[in-house]
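Enquirer: Just so it is clear, I am handing over model-v2.pdb, which has PDB, C-alpha atoms.
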ATOM      1  CA  MET A  79     128.042  11.044  11.261
ATOM      2  CA  VAL A  80     129.907  14.234  10.457
ATOM      3  CA  LEU A  81     128.957  17.889  10.808
ATOM      4  CA  PRO A  82     130.012  20.548   8.277
ATOM      5  CA  HIS A  83     131.826  23.791   9.141
ATOM      6  CA  ASP A  84     128.745  25.903   8.553
ATOM      7  CA  HIS A  85     126.728  23.995  11.200
ATOM      8  CA  SER A  86     123.831  23.395   8.827
ATOM      9  CA  PRO A  87     120.579  22.361  10.459
ATOM     10  CA  PRO A  88     120.062  18.570  10.513
ATOM     11  CA  SER A  89     117.518  18.764   7.709
ATOM     12  CA  GLU A  90     120.219  20.178   5.422
ATOM     13  CA  LEU A  91     123.067  17.822   6.324
ATOM     14  CA  PRO A  92     124.452  15.829   3.421
ATOM     15  CA  LEU A  93     123.628  12.203   4.193
ATOM     16  CA  ALA A  94     124.709   9.141   2.280
ATOM     17  CA  HIS A  95     123.593   5.546   2.656
ATOM     18  CA  VAL A  96     126.433   3.120   2.060
ATOM     19  CA  ASP A  97     126.200  -0.650   1.823
ATOM     20  CA  ILE A  98     129.088  -1.693   4.119
ATOM     21  CA  ARG A  99     129.491  -5.440   4.569
ATOM     22  CA  GLN A 100     129.292  -6.549   8.205
ATOM     23  CA  GLU A 101     129.131 -10.254   8.968
ATOM     24  CA  ILE A 102     126.299 -10.006  11.518
ATOM     25  CA  TYR A 103     124.278  -6.920  10.619
ATOM     26  CA  ASN A 104     124.761  -6.688   6.847
ATOM     27  CA  PRO A 105     126.387  -9.864   5.469
ATOM     28  CA  GLN A 106     125.181  -9.066   1.935
ATOM     29  CA  GLY A 107     126.868  -5.636   1.902
ATOM     30  CA  THR A 108     128.909  -4.766  -1.158
ATOM     31  CA  LEU A 109     131.596  -2.495   0.349
ATOM     32  CA  SER A 110     134.474  -3.258   2.721
ATOM     33  CA  ALA A 111     134.862  -1.190   5.888
ATOM     34  CA  ALA A 112     138.628  -1.768   5.732
ATOM     35  CA  ASP A 113     139.026   0.306   2.588
ATOM     36  CA  PHE A 114     135.870   2.408   2.407
ATOM     37  CA  ARG A 115     136.501   6.084   1.662
ATOM     38  CA  PHE A 116     134.063   8.421   3.386
ATOM     39  CA  PRO A 117     132.089  10.363   0.758
ATOM     40  CA  ALA A 118     133.462  13.741   1.844
ATOM     41  CA  ASP A 119     136.233  16.159   0.976
ATOM     42  CA  ASP A 120     139.388  16.482   3.054
ATOM     43  CA  ALA A 121     139.035  18.798   6.079
ATOM     44  CA  ALA A 122     135.309  19.259   5.384
ATOM     45  CA  PHE A 123     133.984  18.795   8.925
ATOM     46  CA  ASP A 124     134.287  20.077  12.470
ATOM     47  CA  THR A 125     132.965  16.944  14.143
ATOM     48  CA  ALA A 126     132.861  13.225  13.468
ATOM     49  CA  ALA A 127     131.035  10.675  15.599
ATOM     50  CA  LEU A 128     131.796   6.972  15.769
ATOM     51  CA  VAL A 129     129.006   5.952  18.135
ATOM     52  CA  GLY A 130     128.399   2.263  18.709
ATOM     53  CA  LEU A 131     130.734   1.464  15.837
ATOM     54  CA  ILE A 132     134.253   0.696  17.074
ATOM     55  CA  SER A 133     132.926  -2.256  19.067
ATOM     56  CA  HIS A 134     132.090  -3.949  15.739
ATOM     57  CA  LEU A 135     135.241  -3.075  13.755
ATOM     58  CA  ARG A 136     138.117  -5.487  13.173
ATOM     59  CA  PRO A 137     141.621  -3.940  13.446
ATOM     60  CA  ALA A 138     142.007  -3.073   9.728
ATOM     61  CA  GLU A 139     138.522  -1.533   9.746
ATOM     62  CA  LEU A 140     139.314   0.477  12.890
ATOM     63  CA  GLU A 141     142.495   1.721  11.213
ATOM     64  CA  ASN A 142     140.577   2.856   8.148
ATOM     65  CA  TYR A 143     137.742   4.543  10.055
ATOM     66  CA  LEU A 144     140.168   6.512  12.225
ATOM     67  CA  ALA A 145     142.203   7.453   9.137
ATOM     68  CA  GLU A 146     139.061   8.556   7.303
ATOM     69  CA  SER A 147     137.792  10.484  10.335
ATOM     70  CA  ALA A 148     141.111  12.326  10.504
ATOM     71  CA  ARG A 149     141.040  12.993   6.756
ATOM     72  CA  VAL A 150     137.605  14.611   6.771
ATOM     73  CA  LEU A 151     138.186  16.639   9.962
ATOM     74  CA  ARG A 152     139.647  20.135   9.799
ATOM     75  CA  PRO A 153     142.611  20.843  12.123
ATOM     76  CA  GLY A 154     141.157  21.205  15.616
ATOM     77  CA  GLY A 155     138.083  19.179  14.665
ATOM     78  CA  GLN A 156     136.952  16.530  17.098
ATOM     79  CA  CYS A 157     136.014  12.889  16.777
ATOM     80  CA  PHE A 158     133.679  11.527  19.440
ATOM     81  CA  ALA A 159     133.783   7.755  19.734
ATOM     82  CA  THR A 160     132.233   5.183  22.003
ATOM     83  CA  ALA A 161     134.085   1.935  22.514
ATOM     84  CA  TYR A 162     134.874  -0.820  24.954
ATOM     85  CA  LEU A 163     138.277   0.468  26.109
ATOM     86  CA  VAL A 164     140.632  -1.834  27.977
ATOM     87  CA  ASP A 165     143.305  -0.628  30.369
ATOM     88  CA  ASP A 166     145.130  -2.801  32.914
ATOM     89  CA  THR A 167     142.275  -2.568  35.446
ATOM     90  CA  VAL A 168     139.635  -3.573  32.921
ATOM     91  CA  ALA A 169     141.902  -6.340  31.562
ATOM     92  CA  ALA A 170     142.100  -7.786  35.086
ATOM     93  CA  ASN A 171     138.311  -7.529  35.402
ATOM     94  CA  ILE A 172     137.888  -9.333  32.062
ATOM     95  CA  ALA A 173     140.172 -12.127  33.283
ATOM     96  CA  ARG A 174     138.115 -12.432  36.497
ATOM     97  CA  GLY A 175     134.815 -12.361  34.616
ATOM     98  CA  THR A 176     133.638  -9.247  36.456
ATOM     99  CA  THR A 177     132.654  -7.105  33.462
ATOM    100  CA  ALA A 178     129.144  -6.605  32.098
ATOM    101  CA  PHE A 179     130.114  -8.294  28.828
ATOM    102  CA  GLU A 180     132.373 -11.287  28.346
ATOM    103  CA  PHE A 181     135.471 -10.883  26.228
ATOM    104  CA  THR A 182     136.972 -14.318  26.468
ATOM    105  CA  HIS A 183     139.434 -14.223  23.576
ATOM    106  CA  ASP A 184     142.510 -12.029  24.068
ATOM    107  CA  HIS A 185     144.260 -11.024  20.839
ATOM    108  CA  GLY A 186     146.773  -8.672  22.471
ATOM    109  CA  ASP A 187     145.556  -5.294  21.201
ATOM    110  CA  TYR A 188     141.924  -6.325  21.377
ATOM    111  CA  TYR A 189     139.500  -8.841  22.848
ATOM    112  CA  VAL A 190     136.522 -10.501  21.177
ATOM    113  CA  HIS A 191     133.420 -11.931  22.729
ATOM    114  CA  SER A 192     133.262 -14.821  20.267
ATOM    115  CA  GLU A 193     135.814 -16.293  17.853
ATOM    116  CA  GLU A 194     132.918 -17.527  15.688
ATOM    117  CA  GLU A 195     131.383 -14.028  15.437
ATOM    118  CA  PRO A 196     134.224 -11.652  16.351
ATOM    119  CA  THR A 197     132.409  -8.498  15.248
ATOM    120  CA  TYR A 198     129.557  -9.177  17.670
ATOM    121  CA  ALA A 199     131.595  -7.294  20.291
ATOM    122  CA  ILE A 200     135.222  -6.153  20.277
ATOM    123  CA  ALA A 201     137.059  -4.374  23.094
ATOM    124  CA  TYR A 202     140.288  -2.538  22.273
ATOM    125  CA  ARG A 203     143.287  -1.751  24.424
ATOM    126  CA  LEU A 204     143.277   2.032  24.853
ATOM    127  CA  GLU A 205     146.967   2.232  23.886
ATOM    128  CA  HIS A 206     146.197   0.517  20.574
ATOM    129  CA  ILE A 207     143.434   2.943  19.627
ATOM    130  CA  LEU A 208     145.610   5.910  20.592
ATOM    131  CA  SER A 209     148.544   4.551  18.567
ATOM    132  CA  VAL A 210     146.345   4.093  15.483
ATOM    133  CA  ALA A 211     144.801   7.528  15.988
ATOM    134  CA  GLU A 212     148.219   9.192  16.326
ATOM    135  CA  ARG A 213     149.427   7.614  13.058
ATOM    136  CA  HIS A 214     146.612   9.478  11.343
ATOM    137  CA  GLY A 215     146.937  12.850  13.023
ATOM    138  CA  LEU A 216     144.469  12.404  15.876
ATOM    139  CA  ARG A 217     145.354  12.888  19.531
ATOM    140  CA  MET A 218     143.415  12.381  22.715
ATOM    141  CA  ARG A 219     141.737  15.664  23.637
ATOM    142  CA  ARG A 220     140.969  14.603  27.202
ATOM    143  CA  ASP A 221     141.051  11.451  29.275
ATOM    144  CA  PRO A 222     138.381   8.963  28.230
ATOM    145  CA  ARG A 223     135.144   9.027  30.173
ATOM    146  CA  PRO A 224     134.756   5.480  31.483
ATOM    147  CA  GLY A 225     131.490   3.671  31.027
ATOM    148  CA  THR A 226     130.208   1.058  33.434
ATOM    149  CA  TRP A 227     130.765  -2.083  31.350
ATOM    150  CA  GLY A 228     134.375  -2.711  32.447
ATOM    151  CA  VAL A 229     133.969  -2.241  36.186
ATOM    152  CA  SER A 230     130.645  -3.911  36.933
ATOM    153  CA  THR A 231     128.585  -6.920  35.902
ATOM    154  CA  ARG A 232     125.378  -4.860  36.033
ATOM    155  CA  CYS A 233     123.345  -4.404  32.867
ATOM    156  CA  PRO A 234     122.438  -2.312  31.116
ATOM    157  CA  ALA A 235     125.986  -1.057  30.935
ATOM    158  CA  SER A 236     127.470   1.937  29.139
ATOM    159  CA  MET A 237     130.428   2.146  26.792
ATOM    160  CA  ASP A 238     133.460   4.373  27.285
ATOM    161  CA  LEU A 239     133.662   7.766  25.558
ATOM    162  CA  LEU A 240     136.799   8.850  23.750
ATOM    163  CA  VAL A 241     137.340  12.354  22.349
ATOM    164  CA  LEU A 242     140.064  12.721  19.726
ATOM    165  CA  GLU A 243     141.242  15.940  18.094
ATOM    166  CA  ARG A 244     142.707  16.455  14.616
ATOM    167  CA  THR A 245     146.189  17.937  14.936
TER     168      THR A 245
END
How would this structure read if it were set down as structure tokens?

Expert:
Amino acid sequence: MVLPHDHSPPSELPLAHVDIRQEIYNPQGTLSAADFRFPADDAAFDTAALVGLISHLRPAELENYLAESARVLRPGGQCFATAYLVDDTVAANIARGTTAFEFTHDHGDYYVHSEEEPTYAIAYRLEHILSVAERHGLRMRRDPRPGTWGVSTRCPASMDLLVLERT
């Protein structure tokens, strides 16, 4: 979701349906998230939102979506993203099994819930997301707002909120 500079009302926003392939939710999709180009001009938007998305993106797809978000944002524009963010405290909680969701497979920069269906749920090391974002001209605007998933086994649990800014 992206919002144009002129802050058009929602009924006037340019929307596009795209058939992105996703092994669980859209296995018949015709387009790859790893190389999909957002249907928008460079620097066309003030805001981009990746809500409930990063947790289903493999590393190459995450790279592309952050690159595309940066491309379509004007300088100073913001990208709001929800994700399962892992820092050292959350990593220790994952290892102890004291998080709301299990991420039992550690791949270094990210964890997956299931090797058989990795895009069911993916948690990323915060440093990895910030490194990818920085490569594409995005920086952390403020410290992430932690959700409850990484510090409690209680459900329902919330994701973390990350706010990035186009430099």

Enquirer: Spell out the residues picked by the PyMOL selection byres ((chain A and resi 196) around 12) here, as a ChimeraX atom specification.

Expert: /A:100-102,133-137,181-185,188-195,197-201

Enquirer: Go ahead and write the selection's residues with C-alpha atoms as a short mmCIF file (atom, residue, chain, number, x, y, z; two decimals), in the coordinates of the input.

Expert:
data_model
loop_
_atom_site.label_atom_id
_atom_site.label_comp_id
_atom_site.auth_asym_id
_atom_site.auth_seq_id
_atom_site.Cartn_x
_atom_site.Cartn_y
_atom_site.Cartn_z
CA GLN A 100 129.29 -6.55 8.20
CA GLU A 101 129.13 -10.25 8.97
CA ILE A 102 126.30 -10.01 11.52
CA SER A 133 132.93 -2.26 19.07
CA HIS A 134 132.09 -3.95 15.74
CA LEU A 135 135.24 -3.08 13.76
CA ARG A 136 138.12 -5.49 13.17
CA PRO A 137 141.62 -3.94 13.45
CA PHE A 181 135.47 -10.88 26.23
CA THR A 182 136.97 -14.32 26.47
CA HIS A 183 139.43 -14.22 23.58
CA ASP A 184 142.51 -12.03 24.07
CA HIS A 185 144.26 -11.02 20.84
CA TYR A 188 141.92 -6.32 21.38
CA TYR A 189 139.50 -8.84 22.85
CA VAL A 190 136.52 -10.50 21.18
CA HIS A 191 133.42 -11.93 22.73
CA SER A 192 133.26 -14.82 20.27
CA GLU A 193 135.81 -16.29 17.85
CA GLU A 194 132.92 -17.53 15.69
CA GLU A 195 131.38 -14.03 15.44
CA THR A 197 132.41 -8.50 15.25
CA TYR A 198 129.56 -9.18 17.67
CA ALA A 199 131.60 -7.29 20.29
CA ILE A 200 135.22 -6.15 20.28
CA ALA A 201 137.06 -4.37 23.09
#

Enquirer: Could you tell me which of A:Asp124, A:Glu205, A:Asp221, A:Glu139 comes closest to Ser110 in chain A if we count only C-alpha atoms?

Expert: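 With only C-alpha atoms as the atom set, the closest residue is A:Glu139.
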
Enquirer: Within 7 Å of (138.8, 3.1, 15.9) in the file's own coordinates, which protein, DNA or RNA residues have an atom, counting only C-alpha atoms? List them as a list in words.

Expert: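 Every residue inside that radius is included here: Ile132, Leu140, Glu141, Tyr143, Leu144 and Ile207 of chain A.
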
Enquirer: Please tell me which residues are no farther than 12 Å from (138.3, 7.8, 27.2) in the file, counting all atoms listed in the file, and write them as a PyMOL selection string.

Expert: chain A and resi 157-165+202-205+207-208+217-225+237-242

Enquirer: List the spatial neighbours of Gly107 in chain A as a list in words - criterion: any atom at most 8 Å away, all atoms listed in the file, same-chain residues fewer than 5 positions off excluded.

Expert: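 The contact residues come out as Asp97, Ile98, Arg99 and Gln100 of chain A.
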
Enquirer: I need the residues from that last selection saved to file as a PDB file, keeping the file's coordinate frame (with C-alpha atoms), if you can.

Expert:
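Output file out-v3.pdb follows:
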ATOM      1  CA  ASP A  97     126.200  -0.650   1.823  1.00  0.00           C
ATOM      2  CA  ILE A  98     129.088  -1.693   4.119  1.00  0.00           C
ATOM      3  CA  ARG A  99     129.491  -5.440   4.569  1.00  0.00           C
ATOM      4  CA  GLN A 100     129.292  -6.549   8.205  1.00  0.00           C
TER       5      GLN A 100
END

Enquirer: Please measure the separation of CA of Ala169 in chain A and CA of Val229 in chain A, giving the value in Å to one decimal.

Expert: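 Rounded to one decimal, the two atoms are 10.1 Å apart.
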
Enquirer: Pick the closest to Glu243 in chain A from A:Leu216, A:Thr226, A:Thr231, A:Ala127: which is it, counting all atoms listed in the file?

Expert: A:Leu216

Enquirer: Would you mind completing range 226-237 of chain A to all heavy atoms and writing the output as a PDB file, in the frame of the given file?

Expert:
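As written to disk, out34.pdb reads:
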ATOM      1  N   THR A 226     130.362   1.989  32.312  1.00  0.00           N
ATOM      2  CA  THR A 226     130.208   1.058  33.434  1.00  0.00           C
ATOM      3  C   THR A 226     130.523  -0.385  33.071  1.00  0.00           C
ATOM      4  O   THR A 226     130.694  -1.214  33.955  1.00  0.00           O
ATOM      5  CB  THR A 226     128.760   1.122  33.968  1.00  0.00           C
ATOM      6  OG1 THR A 226     127.859   0.781  32.914  1.00  0.00           O
ATOM      7  CG2 THR A 226     128.441   2.509  34.505  1.00  0.00           C
ATOM      8  N   TRP A 227     130.630  -0.696  31.797  1.00  0.00           N
ATOM      9  CA  TRP A 227     130.765  -2.083  31.350  1.00  0.00           C
ATOM     10  C   TRP A 227     131.990  -2.793  31.917  1.00  0.00           C
ATOM     11  O   TRP A 227     131.940  -3.991  32.187  1.00  0.00           O
ATOM     12  CB  TRP A 227     130.793  -2.160  29.819  1.00  0.00           C
ATOM     13  CG  TRP A 227     132.151  -1.822  29.274  1.00  0.00           C
ATOM     14  CD1 TRP A 227     132.622  -0.589  28.968  1.00  0.00           C
ATOM     15  CD2 TRP A 227     133.211  -2.731  29.034  1.00  0.00           C
ATOM     16  NE1 TRP A 227     133.919  -0.665  28.542  1.00  0.00           N
ATOM     17  CE2 TRP A 227     134.304  -1.974  28.580  1.00  0.00           C
ATOM     18  CE3 TRP A 227     133.360  -4.107  29.166  1.00  0.00           C
ATOM     19  CZ2 TRP A 227     135.529  -2.553  28.241  1.00  0.00           C
ATOM     20  CZ3 TRP A 227     134.578  -4.690  28.832  1.00  0.00           C
ATOM     21  CH2 TRP A 227     135.652  -3.902  28.371  1.00  0.00           C
ATOM     22  N   GLY A 228     133.106  -2.084  32.069  1.00  0.00           N
ATOM     23  CA  GLY A 228     134.375  -2.711  32.447  1.00  0.00           C
ATOM     24  C   GLY A 228     134.628  -2.827  33.937  1.00  0.00           C
ATOM     25  O   GLY A 228     135.619  -3.421  34.353  1.00  0.00           O
ATOM     26  N   VAL A 229     133.735  -2.244  34.738  1.00  0.00           N
ATOM     27  CA  VAL A 229     133.969  -2.241  36.186  1.00  0.00           C
ATOM     28  C   VAL A 229     132.804  -2.837  36.974  1.00  0.00           C
ATOM     29  O   VAL A 229     132.804  -2.810  38.204  1.00  0.00           O
ATOM     30  CB  VAL A 229     134.261  -0.811  36.704  1.00  0.00           C
ATOM     31  CG1 VAL A 229     135.582  -0.302  36.120  1.00  0.00           C
ATOM     32  CG2 VAL A 229     133.126   0.143  36.364  1.00  0.00           C
ATOM     33  N   SER A 230     131.816  -3.370  36.261  1.00  0.00           N
ATOM     34  CA  SER A 230     130.645  -3.911  36.933  1.00  0.00           C
ATOM     35  C   SER A 230     129.997  -4.972  36.048  1.00  0.00           C
ATOM     36  O   SER A 230     130.099  -4.909  34.824  1.00  0.00           O
ATOM     37  CB  SER A 230     129.627  -2.789  37.206  1.00  0.00           C
ATOM     38  OG  SER A 230     128.402  -3.314  37.661  1.00  0.00           O
ATOM     39  N   THR A 231     129.323  -5.910  36.665  1.00  0.00           N
ATOM     40  CA  THR A 231     128.585  -6.920  35.902  1.00  0.00           C
ATOM     41  C   THR A 231     127.143  -6.500  35.666  1.00  0.00           C
ATOM     42  O   THR A 231     126.392  -7.213  35.020  1.00  0.00           O
ATOM     43  CB  THR A 231     128.592  -8.275  36.639  1.00  0.00           C
ATOM     44  OG1 THR A 231     128.018  -8.093  37.936  1.00  0.00           O
ATOM     45  CG2 THR A 231     130.006  -8.823  36.759  1.00  0.00           C
ATOM     46  N   ARG A 232     126.768  -5.328  36.150  1.00  0.00           N
ATOM     47  CA  ARG A 232     125.378  -4.860  36.033  1.00  0.00           C
ATOM     48  C   ARG A 232     125.050  -4.444  34.598  1.00  0.00           C
ATOM     49  O   ARG A 232     125.844  -3.794  33.932  1.00  0.00           O
ATOM     50  CB  ARG A 232     125.136  -3.697  36.976  1.00  0.00           C
ATOM     51  CG  ARG A 232     125.300  -4.116  38.447  1.00  0.00           C
ATOM     52  CD  ARG A 232     124.944  -3.024  39.371  1.00  0.00           C
ATOM     53  NE  ARG A 232     123.496  -2.803  39.267  1.00  0.00           N
ATOM     54  CZ  ARG A 232     122.859  -1.810  39.853  1.00  0.00           C
ATOM     55  NH1 ARG A 232     123.534  -0.933  40.576  1.00  0.00           N
ATOM     56  NH2 ARG A 232     121.562  -1.670  39.732  1.00  0.00           N
ATOM     57  N   CYS A 233     123.857  -4.802  34.180  1.00  0.00           N
ATOM     58  CA  CYS A 233     123.345  -4.404  32.867  1.00  0.00           C
ATOM     59  C   CYS A 233     122.016  -3.700  33.074  1.00  0.00           C
ATOM     60  O   CYS A 233     121.294  -4.030  34.008  1.00  0.00           O
ATOM     61  CB  CYS A 233     123.156  -5.622  31.975  1.00  0.00           C
ATOM     62  SG  CYS A 233     124.712  -6.341  31.407  1.00  0.00           S
ATOM     63  N   PRO A 234     121.651  -2.734  32.267  1.00  0.00           N
ATOM     64  CA  PRO A 234     122.438  -2.312  31.116  1.00  0.00           C
ATOM     65  C   PRO A 234     123.722  -1.613  31.547  1.00  0.00           C
ATOM     66  O   PRO A 234     123.799  -1.077  32.643  1.00  0.00           O
ATOM     67  CB  PRO A 234     121.510  -1.358  30.379  1.00  0.00           C
ATOM     68  CG  PRO A 234     120.563  -0.852  31.408  1.00  0.00           C
ATOM     69  CD  PRO A 234     120.436  -1.946  32.429  1.00  0.00           C
ATOM     70  N   ALA A 235     124.678  -1.652  30.659  1.00  0.00           N
ATOM     71  CA  ALA A 235     125.986  -1.057  30.935  1.00  0.00           C
ATOM     72  C   ALA A 235     126.350  -0.097  29.809  1.00  0.00           C
ATOM     73  O   ALA A 235     125.963  -0.295  28.661  1.00  0.00           O
ATOM     74  CB  ALA A 235     127.043  -2.140  31.062  1.00  0.00           C
ATOM     75  N   SER A 236     127.098   0.937  30.137  1.00  0.00           N
ATOM     76  CA  SER A 236     127.470   1.937  29.139  1.00  0.00           C
ATOM     77  C   SER A 236     128.890   1.721  28.632  1.00  0.00           C
ATOM     78  O   SER A 236     129.741   1.159  29.312  1.00  0.00           O
ATOM     79  CB  SER A 236     127.333   3.342  29.732  1.00  0.00           C
ATOM     80  OG  SER A 236     128.172   3.490  30.859  1.00  0.00           O
ATOM     81  N   MET A 237     129.109   2.202  27.411  1.00  0.00           N
ATOM     82  CA  MET A 237     130.428   2.146  26.792  1.00  0.00           C
ATOM     83  C   MET A 237     131.262   3.324  27.286  1.00  0.00           C
ATOM     84  O   MET A 237     130.754   4.255  27.898  1.00  0.00           O
ATOM     85  CB  MET A 237     130.293   2.196  25.272  1.00  0.00           C
ATOM     86  CG  MET A 237     129.497   1.038  24.698  1.00  0.00           C
ATOM     87  SD  MET A 237     129.261   1.202  22.917  1.00  0.00           S
ATOM     88  CE  MET A 237     130.732   0.352  22.359  1.00  0.00           C
TER      89      MET A 237
END
